[in-house]
$ cat start-v5.txt   # compact mmCIF, N, CA and C atoms
# COMPACT_ATOMS: atom_id res chain seq x y z
N MET W 181 119.86 94.82 134.81
CA MET W 181 119.03 95.28 133.70
C MET W 181 117.59 95.38 134.19
N SER W 182 116.96 96.51 133.94
CA SER W 182 115.59 96.72 134.38
C SER W 182 114.67 96.89 133.18
N THR W 183 113.41 96.57 133.42
CA THR W 183 112.41 96.67 132.37
C THR W 183 111.62 97.95 132.56
N ASP W 184 111.47 98.70 131.48
CA ASP W 184 110.65 99.91 131.51
C ASP W 184 109.19 99.47 131.36
N LYS W 185 108.45 99.51 132.45
CA LYS W 185 107.09 98.97 132.46
C LYS W 185 106.11 99.80 131.62
N GLU W 186 106.33 101.10 131.55
CA GLU W 186 105.43 101.94 130.75
C GLU W 186 105.60 101.64 129.26
N THR W 187 106.83 101.47 128.82
CA THR W 187 107.09 101.15 127.42
C THR W 187 106.60 99.75 127.09
N LEU W 188 106.76 98.83 128.04
CA LEU W 188 106.26 97.46 127.85
C LEU W 188 104.74 97.46 127.70
N ALA W 189 104.05 98.21 128.53
CA ALA W 189 102.59 98.30 128.43
C ALA W 189 102.16 98.91 127.11
N LYS W 190 102.91 99.89 126.63
CA LYS W 190 102.60 100.52 125.34
C LYS W 190 102.74 99.50 124.21
N GLY W 191 103.79 98.66 124.25
CA GLY W 191 103.97 97.64 123.23
C GLY W 191 102.88 96.60 123.26
N ILE W 192 102.43 96.22 124.45
CA ILE W 192 101.35 95.24 124.56
C ILE W 192 100.05 95.82 124.03
N LYS W 193 99.83 97.12 124.23
CA LYS W 193 98.64 97.77 123.67
C LYS W 193 98.66 97.74 122.15
N TYR W 194 99.84 97.95 121.56
CA TYR W 194 99.95 97.86 120.10
C TYR W 194 99.59 96.44 119.63
N LEU W 195 100.09 95.43 120.33
CA LEU W 195 99.80 94.06 119.93
C LEU W 195 98.32 93.74 120.06
N PHE W 196 97.69 94.18 121.15
CA PHE W 196 96.26 93.95 121.31
C PHE W 196 95.44 94.74 120.30
N GLY W 197 95.95 95.86 119.85
CA GLY W 197 95.28 96.62 118.80
C GLY W 197 95.36 95.92 117.45
N SER W 198 96.45 95.20 117.21
CA SER W 198 96.60 94.52 115.92
C SER W 198 95.82 93.20 115.88
N LEU W 199 95.52 92.63 117.03
CA LEU W 199 94.86 91.32 117.06
C LEU W 199 93.50 91.30 116.35
N PRO W 200 92.58 92.22 116.63
CA PRO W 200 91.31 92.16 115.89
C PRO W 200 91.47 92.44 114.39
N LEU W 201 92.43 93.30 114.05
CA LEU W 201 92.63 93.61 112.63
C LEU W 201 93.17 92.41 111.86
N MET W 202 93.88 91.50 112.55
CA MET W 202 94.39 90.30 111.90
C MET W 202 93.25 89.37 111.46
N PHE W 203 92.11 89.48 112.11
CA PHE W 203 90.96 88.67 111.73
C PHE W 203 89.99 89.44 110.83
N ILE W 204 89.82 90.71 111.10
CA ILE W 204 88.86 91.51 110.33
C ILE W 204 89.33 91.71 108.89
N GLY W 205 90.63 91.95 108.69
CA GLY W 205 91.16 92.19 107.35
C GLY W 205 90.90 91.04 106.37
N PRO W 206 91.30 89.81 106.70
CA PRO W 206 91.02 88.70 105.78
C PRO W 206 89.52 88.43 105.59
N ILE W 207 88.72 88.66 106.62
CA ILE W 207 87.27 88.47 106.47
C ILE W 207 86.71 89.47 105.47
N VAL W 208 87.13 90.71 105.56
CA VAL W 208 86.65 91.74 104.63
C VAL W 208 87.14 91.44 103.21
N MET W 209 88.38 90.99 103.09
CA MET W 209 88.90 90.65 101.76
C MET W 209 88.15 89.46 101.16
N TYR W 210 87.85 88.46 101.98
CA TYR W 210 87.07 87.32 101.50
C TYR W 210 85.70 87.77 101.03
N ASN W 211 85.08 88.67 101.77
CA ASN W 211 83.78 89.20 101.39
C ASN W 211 83.87 89.93 100.04
N ALA W 212 84.95 90.66 99.83
CA ALA W 212 85.12 91.38 98.56
C ALA W 212 85.26 90.40 97.40
N PHE W 213 86.01 89.32 97.59
CA PHE W 213 86.19 88.37 96.50
C PHE W 213 84.93 87.54 96.23
N MET W 214 84.08 87.36 97.22
CA MET W 214 82.85 86.62 97.01
C MET W 214 81.77 87.48 96.35
N ASN W 215 81.91 88.78 96.41
CA ASN W 215 80.90 89.69 95.84
C ASN W 215 81.47 90.49 94.68
N LYS W 216 82.09 89.80 93.73
CA LYS W 216 82.69 90.50 92.59
C LYS W 216 81.65 91.12 91.66
N HIS W 217 80.43 90.70 91.77
CA HIS W 217 79.39 91.20 90.86
C HIS W 217 78.87 92.58 91.26
N THR W 218 79.25 93.08 92.44
CA THR W 218 78.77 94.39 92.87
C THR W 218 79.78 95.48 92.47
N HIS W 219 79.32 96.70 92.55
CA HIS W 219 80.18 97.84 92.21
C HIS W 219 81.12 98.21 93.35
N TRP W 220 80.84 97.71 94.54
CA TRP W 220 81.63 98.05 95.72
C TRP W 220 82.81 97.10 95.92
N HIS W 221 83.03 96.21 95.00
CA HIS W 221 84.06 95.17 95.13
C HIS W 221 85.45 95.77 95.41
N TYR W 222 85.86 96.71 94.62
CA TYR W 222 87.21 97.25 94.76
C TYR W 222 87.37 98.08 96.03
N LEU W 223 86.34 98.82 96.40
CA LEU W 223 86.41 99.61 97.63
C LEU W 223 86.54 98.70 98.86
N VAL W 224 85.75 97.64 98.91
CA VAL W 224 85.81 96.71 100.03
C VAL W 224 87.16 95.99 100.04
N LEU W 225 87.69 95.66 98.88
CA LEU W 225 88.99 95.01 98.80
C LEU W 225 90.11 95.93 99.31
N VAL W 226 90.06 97.20 98.95
CA VAL W 226 91.06 98.15 99.42
C VAL W 226 90.96 98.32 100.93
N ILE W 227 89.75 98.38 101.47
CA ILE W 227 89.58 98.50 102.92
C ILE W 227 90.13 97.28 103.62
N GLY W 228 89.89 96.09 103.08
CA GLY W 228 90.43 94.87 103.67
C GLY W 228 91.95 94.85 103.64
N CYS W 229 92.53 95.31 102.53
CA CYS W 229 94.00 95.39 102.44
C CYS W 229 94.56 96.38 103.44
N LEU W 230 93.88 97.50 103.62
CA LEU W 230 94.34 98.49 104.61
C LEU W 230 94.28 97.92 106.03
N PHE W 231 93.23 97.14 106.32
CA PHE W 231 93.16 96.49 107.63
C PHE W 231 94.34 95.54 107.84
N CYS W 232 94.66 94.77 106.81
CA CYS W 232 95.77 93.82 106.92
C CYS W 232 97.11 94.54 107.08
N ILE W 233 97.32 95.57 106.30
CA ILE W 233 98.57 96.32 106.39
C ILE W 233 98.69 97.00 107.76
N THR W 234 97.59 97.53 108.27
CA THR W 234 97.61 98.15 109.59
C THR W 234 97.89 97.12 110.68
N ALA W 235 97.35 95.91 110.53
CA ALA W 235 97.60 94.86 111.52
C ALA W 235 99.08 94.49 111.55
N VAL W 236 99.69 94.36 110.39
CA VAL W 236 101.11 94.02 110.33
C VAL W 236 101.95 95.15 110.92
N PHE W 237 101.60 96.39 110.60
CA PHE W 237 102.34 97.53 111.12
C PHE W 237 102.24 97.61 112.64
N LEU W 238 101.03 97.45 113.19
CA LEU W 238 100.86 97.52 114.64
C LEU W 238 101.57 96.37 115.35
N ALA W 239 101.55 95.18 114.75
CA ALA W 239 102.25 94.05 115.35
C ALA W 239 103.76 94.30 115.35
N PHE W 240 104.29 94.82 114.26
CA PHE W 240 105.72 95.13 114.19
C PHE W 240 106.08 96.22 115.20
N LYS W 241 105.27 97.25 115.26
CA LYS W 241 105.53 98.35 116.19
C LYS W 241 105.44 97.86 117.64
N GLY W 242 104.49 96.98 117.92
CA GLY W 242 104.36 96.44 119.27
C GLY W 242 105.55 95.59 119.67
N LEU W 243 105.98 94.72 118.78
CA LEU W 243 107.15 93.88 119.08
C LEU W 243 108.41 94.73 119.22
N GLN W 244 108.54 95.72 118.38
CA GLN W 244 109.70 96.62 118.46
C GLN W 244 109.70 97.37 119.79
N THR W 245 108.55 97.82 120.23
CA THR W 245 108.44 98.54 121.49
C THR W 245 108.72 97.64 122.68
N ILE W 246 108.24 96.40 122.61
CA ILE W 246 108.50 95.45 123.69
C ILE W 246 109.99 95.12 123.77
N MET W 247 110.62 94.91 122.64
CA MET W 247 112.06 94.64 122.65
C MET W 247 112.85 95.83 123.19
N LYS W 248 112.39 97.03 122.86
CA LYS W 248 113.05 98.23 123.38
C LYS W 248 112.90 98.29 124.90
N ALA W 249 111.73 97.94 125.41
CA ALA W 249 111.49 97.99 126.86
C ALA W 249 112.32 96.93 127.59
N LEU W 250 112.49 95.78 126.98
CA LEU W 250 113.21 94.68 127.65
C LEU W 250 114.72 94.84 127.58
N PHE W 251 115.25 95.32 126.49
CA PHE W 251 116.69 95.26 126.28
C PHE W 251 117.41 96.59 126.28
N ASP W 252 116.72 97.71 126.32
CA ASP W 252 117.40 99.00 126.43
C ASP W 252 117.85 99.21 127.87
N GLY W 253 119.06 99.67 128.03
CA GLY W 253 119.58 99.90 129.36
C GLY W 253 119.08 101.20 129.97
N ASN W 254 118.82 102.18 129.13
CA ASN W 254 118.42 103.49 129.62
C ASN W 254 116.97 103.78 129.20
N PRO W 255 115.99 103.59 130.09
CA PRO W 255 114.61 103.90 129.70
C PRO W 255 114.44 105.41 129.55
N LYS W 256 113.56 105.82 128.66
CA LYS W 256 113.34 107.25 128.38
C LYS W 256 112.52 107.88 129.47
$ encode --input "start-v5.txt" --output "structure tokens"
Amino acid sequence: MSTDKETLAKGIKYLFGSLPLMFIGPIVMYNAFMNKHTHWHYLVLVIGCLFCITAVFLAFKGLQTIMKALFDGNPK
């Protein structure tokens, strides 16, 4: 069984892309909840939620790509 190194590198890039979003998303959401008195509250909250959803998606995609690189017998 061989590992497809290009696909593995692509999966690691997805994981490294999700890492900053895992911290930025909750920070932005916390900022939105602390500033409920402003008119920008809902916009900042939606942006924070989008960061969190993107982080989860990129982490899932990265793990899926890494598993494909490690366990697929026929690399593309």
$ residues_around --input "start-v5.txt" --residues "W:Gly242" --least-positions-apart "2" --cutoff "6 Å" --atoms "only C-alpha atoms" --output "NGL selection string"
:W and (191 or 194-195 or 238-240 or 244-245)
$ atom_distance --input "start-v5.txt" --atom1 "atom CA of W:Val236" --atom2 "atom CA of W:Met209"
15.3 Å
$ residues_around --input "start-v5.txt" --residues "W:Ala212" --least-positions-apart "2" --cutoff "7 Å" --atoms "only N, CA and C atoms" --output "list of chain:residue names"
W:Ile207, W:Val208, W:Met209, W:Tyr210, W:Met214, W:Asn215, W:Lys216, W:Trp220, W:His221, W:Tyr222, W:Val224, W:Leu225
$ select_by_dssp --input "start-v5.txt" --residues "chain W" --states "helix (DSSP H, G or I)" --output "PyMOL selection string"
chain W and resi 185-214+221-251
$ atom_distance --input "start-v5.txt" --atom1 "atom C of W:Pro200" --atom2 "atom N of W:Ile227"
14.3 Å
$ closest_residue --input "start-v5.txt" --among "W:Leu243, W:Cys229, W:Leu223, W:Leu250" --to "W:Ile192" --atoms "all atoms listed in the file"
W:Leu243
$ atom_distance --input "start-v5.txt" --atom1 "atom C of W:Ser198" --atom2 "atom CA of W:Ala249"
19.7 Å
$ closest_residue --input "start-v5.txt" --among "W:Asn211, W:Ile204, W:Leu188, W:Lys193" --to "W:Phe231" --atoms "all atoms listed in the file"
W:Ile204
$ residues_around --input "start-v5.txt" --residues "W:Lys248" --least-positions-apart "6" --cutoff "12 Å" --atoms "only C-alpha atoms" --output "ChimeraX atom specification"
/W:182-191,241-242,254-256
$ build_atoms --input "start-v5.txt" --residues "stretch 235-248 of chain W" --atoms "N, CA, C and O atoms" --output "PDB file, in the coordinates of the input"
ATOM      1  N   ALA W 235      97.350  95.910 110.530  1.00  0.00           N
ATOM      2  CA  ALA W 235      97.600  94.860 111.520  1.00  0.00           C
ATOM      3  C   ALA W 235      99.080  94.490 111.550  1.00  0.00           C
ATOM      4  O   ALA W 235      99.664  94.333 112.627  1.00  0.00           O
ATOM      5  N   VAL W 236      99.690  94.360 110.390  1.00  0.00           N
ATOM      6  CA  VAL W 236     101.110  94.020 110.330  1.00  0.00           C
ATOM      7  C   VAL W 236     101.950  95.150 110.920  1.00  0.00           C
ATOM      8  O   VAL W 236     102.896  94.907 111.683  1.00  0.00           O
ATOM      9  N   PHE W 237     101.600  96.390 110.600  1.00  0.00           N
ATOM     10  CA  PHE W 237     102.340  97.530 111.120  1.00  0.00           C
ATOM     11  C   PHE W 237     102.240  97.610 112.640  1.00  0.00           C
ATOM     12  O   PHE W 237     103.245  97.807 113.337  1.00  0.00           O
ATOM     13  N   LEU W 238     101.030  97.450 113.190  1.00  0.00           N
ATOM     14  CA  LEU W 238     100.860  97.520 114.640  1.00  0.00           C
ATOM     15  C   LEU W 238     101.570  96.370 115.350  1.00  0.00           C
ATOM     16  O   LEU W 238     102.132  96.559 116.433  1.00  0.00           O
ATOM     17  N   ALA W 239     101.550  95.180 114.750  1.00  0.00           N
ATOM     18  CA  ALA W 239     102.250  94.050 115.350  1.00  0.00           C
ATOM     19  C   ALA W 239     103.760  94.300 115.350  1.00  0.00           C
ATOM     20  O   ALA W 239     104.438  94.047 116.358  1.00  0.00           O
ATOM     21  N   PHE W 240     104.290  94.820 114.260  1.00  0.00           N
ATOM     22  CA  PHE W 240     105.720  95.130 114.190  1.00  0.00           C
ATOM     23  C   PHE W 240     106.080  96.220 115.200  1.00  0.00           C
ATOM     24  O   PHE W 240     107.076  96.094 115.921  1.00  0.00           O
ATOM     25  N   LYS W 241     105.270  97.250 115.260  1.00  0.00           N
ATOM     26  CA  LYS W 241     105.530  98.350 116.190  1.00  0.00           C
ATOM     27  C   LYS W 241     105.440  97.860 117.640  1.00  0.00           C
ATOM     28  O   LYS W 241     106.245  98.264 118.489  1.00  0.00           O
ATOM     29  N   GLY W 242     104.490  96.980 117.920  1.00  0.00           N
ATOM     30  CA  GLY W 242     104.360  96.440 119.270  1.00  0.00           C
ATOM     31  C   GLY W 242     105.550  95.590 119.670  1.00  0.00           C
ATOM     32  O   GLY W 242     106.077  95.734 120.776  1.00  0.00           O
ATOM     33  N   LEU W 243     105.980  94.720 118.780  1.00  0.00           N
ATOM     34  CA  LEU W 243     107.150  93.880 119.080  1.00  0.00           C
ATOM     35  C   LEU W 243     108.410  94.730 119.220  1.00  0.00           C
ATOM     36  O   LEU W 243     109.254  94.468 120.084  1.00  0.00           O
ATOM     37  N   GLN W 244     108.540  95.720 118.380  1.00  0.00           N
ATOM     38  CA  GLN W 244     109.700  96.620 118.460  1.00  0.00           C
ATOM     39  C   GLN W 244     109.700  97.370 119.790  1.00  0.00           C
ATOM     40  O   GLN W 244     110.747  97.513 120.436  1.00  0.00           O
ATOM     41  N   THR W 245     108.550  97.820 120.230  1.00  0.00           N
ATOM     42  CA  THR W 245     108.440  98.540 121.490  1.00  0.00           C
ATOM     43  C   THR W 245     108.720  97.640 122.680  1.00  0.00           C
ATOM     44  O   THR W 245     109.392  98.030 123.639  1.00  0.00           O
ATOM     45  N   ILE W 246     108.240  96.400 122.610  1.00  0.00           N
ATOM     46  CA  ILE W 246     108.500  95.450 123.690  1.00  0.00           C
ATOM     47  C   ILE W 246     109.990  95.120 123.770  1.00  0.00           C
ATOM     48  O   ILE W 246     110.571  95.059 124.857  1.00  0.00           O
ATOM     49  N   MET W 247     110.620  94.910 122.640  1.00  0.00           N
ATOM     50  CA  MET W 247     112.060  94.640 122.650  1.00  0.00           C
ATOM     51  C   MET W 247     112.850  95.830 123.190  1.00  0.00           C
ATOM     52  O   MET W 247     113.830  95.666 123.904  1.00  0.00           O
ATOM     53  N   LYS W 248     112.390  97.030 122.860  1.00  0.00           N
ATOM     54  CA  LYS W 248     113.050  98.230 123.380  1.00  0.00           C
ATOM     55  C   LYS W 248     112.900  98.290 124.900  1.00  0.00           C
ATOM     56  O   LYS W 248     113.846  98.624 125.617  1.00  0.00           O
TER      57      LYS W 248
END
